[in-house]
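Chemist: Right, I'll just put the structure down here and ask away after.
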Amino acid sequence: MLPRVSLEVSGTTMLALLKYLEHRCFFSDKTMNEAVDHAILEWIRVQHAAEVITPVVEGYRWKNLFLPSGTMLEVRTRQGVHRADVRGNEIIFHGQAVSPNQFVAACAGADRNAWREIALRIPGERYWKWASALRDEAARLAELEKQATASAIAAGIPVPVVKPPPKKWLTEARERRLCDRRNGRDNDDIDNE
């Protein structure tokens with residue numbers, strides 16, 4: 001067992017702890033030191049429970065829609081069916097990293113609304129779904145989650161904090177494009193984009 005150490009606690013905190021413990025009849029079988037030990041350990045337990053760590057999942061973030069790695073994208077035109085897929089954190093079409101808008105423009109030859117033109121098949125799903133339908137579904141779920149969180153906070157229920165995965169903003173393809181641009185243009189032009 002480790003030796004005991006002293007901690008300075010503000011008078012306000014100590015008074016609040018004593019009142020709480022007295023109200024809960026905590027002193028019936030415990031000393032003050034045991035009560036403080038218990039309070040600190042309980043606080044640590046709550047902090048650990050609140051830290052829900054999400055696994056890092058690779059994929060492409062398209063506004064409010066997350067496309068996990070392995071998602072297939074499809075655009076149908078008069079010329080045929082065109083497909084791309086999400087590999088890592090990028091959408092790959094004919095070996096090149098593209099945005100959804102660039103994918104549609106390359107397939108259809110004109111600017112169109114990528115949300116309406118792209119069908120998606122998420123890994124593990126059997127059917128293709130329109131990107132616009134998945135976007136609307138994601139927005140509805142986000143709104144429901146927001147309402148549930150607000151209700152829980154209002155009721156005094158602790159809400160776990162979900163830490164998002166770290167953002168990897170400089171992917172290999174972006175880094176290559178940045179280097180290509182810097183070779184042909186001034187750094188000031190790139191920073192203004």
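Identifiers for the structure tokens are assigned positionally: chains receive A, B, ... in sequence, residues are indexed from 1 per chain, and ligands are indexed from 1 in the order shown.
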Give me the segment 2-99 of chain A side of the contact with segment 135-146 of chain A, cut-off 10 Å, one line per residue showing its nearest atom pair and distance in Å at one decimal, counting only C-alpha atoms, sorted by chain and residue number, as a Markdown table.
Modeler:
```
| residue | atom | partner | partner_atom | distance |
| --- | --- | --- | --- | --- |
| A:Trp62 | CA | A:Arg135 | CA | 9.1 |
| A:Lys63 | CA | A:Arg135 | CA | 8.7 |
| A:Asn64 | CA | A:Arg135 | CA | 6.8 |
| A:Leu65 | CA | A:Arg135 | CA | 5.8 |
| A:Phe66 | CA | A:Ala138 | CA | 9.0 |
```
Chemist: Could the residues in this selection be written to a file with N, CA and C atoms, as a compact mmCIF listing (two decimals), in the first residue's frame?
Modeler:
```
# COMPACT_ATOMS: atom_id res chain seq x y z
N TRP A 62 -17.93 13.70 -46.37
CA TRP A 62 -18.58 14.52 -47.39
C TRP A 62 -19.64 15.34 -46.67
N LYS A 63 -19.28 16.55 -46.30
CA LYS A 63 -20.12 17.43 -45.49
C LYS A 63 -20.58 16.69 -44.23
N ASN A 64 -21.89 16.41 -44.07
CA ASN A 64 -22.34 15.73 -42.85
C ASN A 64 -22.44 14.22 -43.03
N LEU A 65 -21.96 13.69 -44.15
CA LEU A 65 -22.05 12.27 -44.45
C LEU A 65 -20.65 11.65 -44.42
N PHE A 66 -20.50 10.57 -43.66
CA PHE A 66 -19.21 9.87 -43.59
C PHE A 66 -19.29 8.61 -44.44
```
Chemist: With a distance cut-off of 9 Å and only C-alpha atoms, select the neighbouring residues of Glu117 of chain A, excluding the residue or stretch itself and same-chain residues fewer than 5 positions from it, and output the selection as a list in words.
Modeler: Glu74, Val75, Arg76, Val104, Arg112, Trp130, Ala131 and Ser132 of chain A
Chemist: Using DSSP assignments from the backbone, pull out every residue in segment 4-96 of chain A that falls under alpha helix (DSSP H) and give it to me as an NGL selection string.
Modeler: :A and (11-23 or 32-50)
Chemist: Identify all residues of segment 50-174 of chain A in strand (DSSP E) (DSSP on the backbone) and supply them as a PyMOL selection string.
Modeler: chain A and resi 51-53+59-62+65-68+72-77+80-87+90-93+96-98+119-121+129-130+161-163
Chemist: With distances taken over only C-alpha atoms, which residue among A:Ser10, A:Ser99, A:Asn113, A:Thr71 lies nearest Trp128 of chain A?
Modeler: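 Comparing A:Ser10, A:Ser99, A:Asn113, A:Thr71 against Trp128 of chain A, the winner is A:Thr71.
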Chemist: Just want the 12 Å neighbourhood of Ile157 of chain A, counted on only C-alpha atoms, with same-chain residues fewer than 5 positions away dropped. Output as a PyMOL selection string.
Modeler: chain A and resi 50+148-152
Chemist: Atom CA of Leu73 of chain A and atom CA of His94 of chain A, how far apart in Å?
Modeler: 12.5 Å
Chemist: Between atom CA of Thr77 of chain A and atom CA of Cys107 of chain A, what is the distance, to one decimal in Å?
Modeler: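 Interatomic distance, atom CA of Thr77 of chain A to atom CA of Cys107 of chain A: 7.3 Å.
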Chemist: Skipping near chain neighbours, those fewer than 4 positions away, what residues fall within 12 Å of Gly124 of chain A using only C-alpha atoms, listed as number ranges by chain?
Modeler: A: 68-72, 120, 128
Chemist: Choose the residue, out of A:Ala84, A:Leu67, A:Ile91, A:Leu134, that has the smallest atom-to-atom separation from Ile122 of chain A; count only C-alpha atoms.
Modeler: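 Among A:Ala84, A:Leu67, A:Ile91, A:Leu134, it is A:Leu67 that comes nearest to Ile122 of chain A.
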Chemist: Do you have the atom CA of Gly59 of chain A-atom CA of Arg78 of chain A distance handy?
Modeler: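 One can read the atom CA of Gly59 of chain A to atom CA of Arg78 of chain A distance as 29.5 Å.
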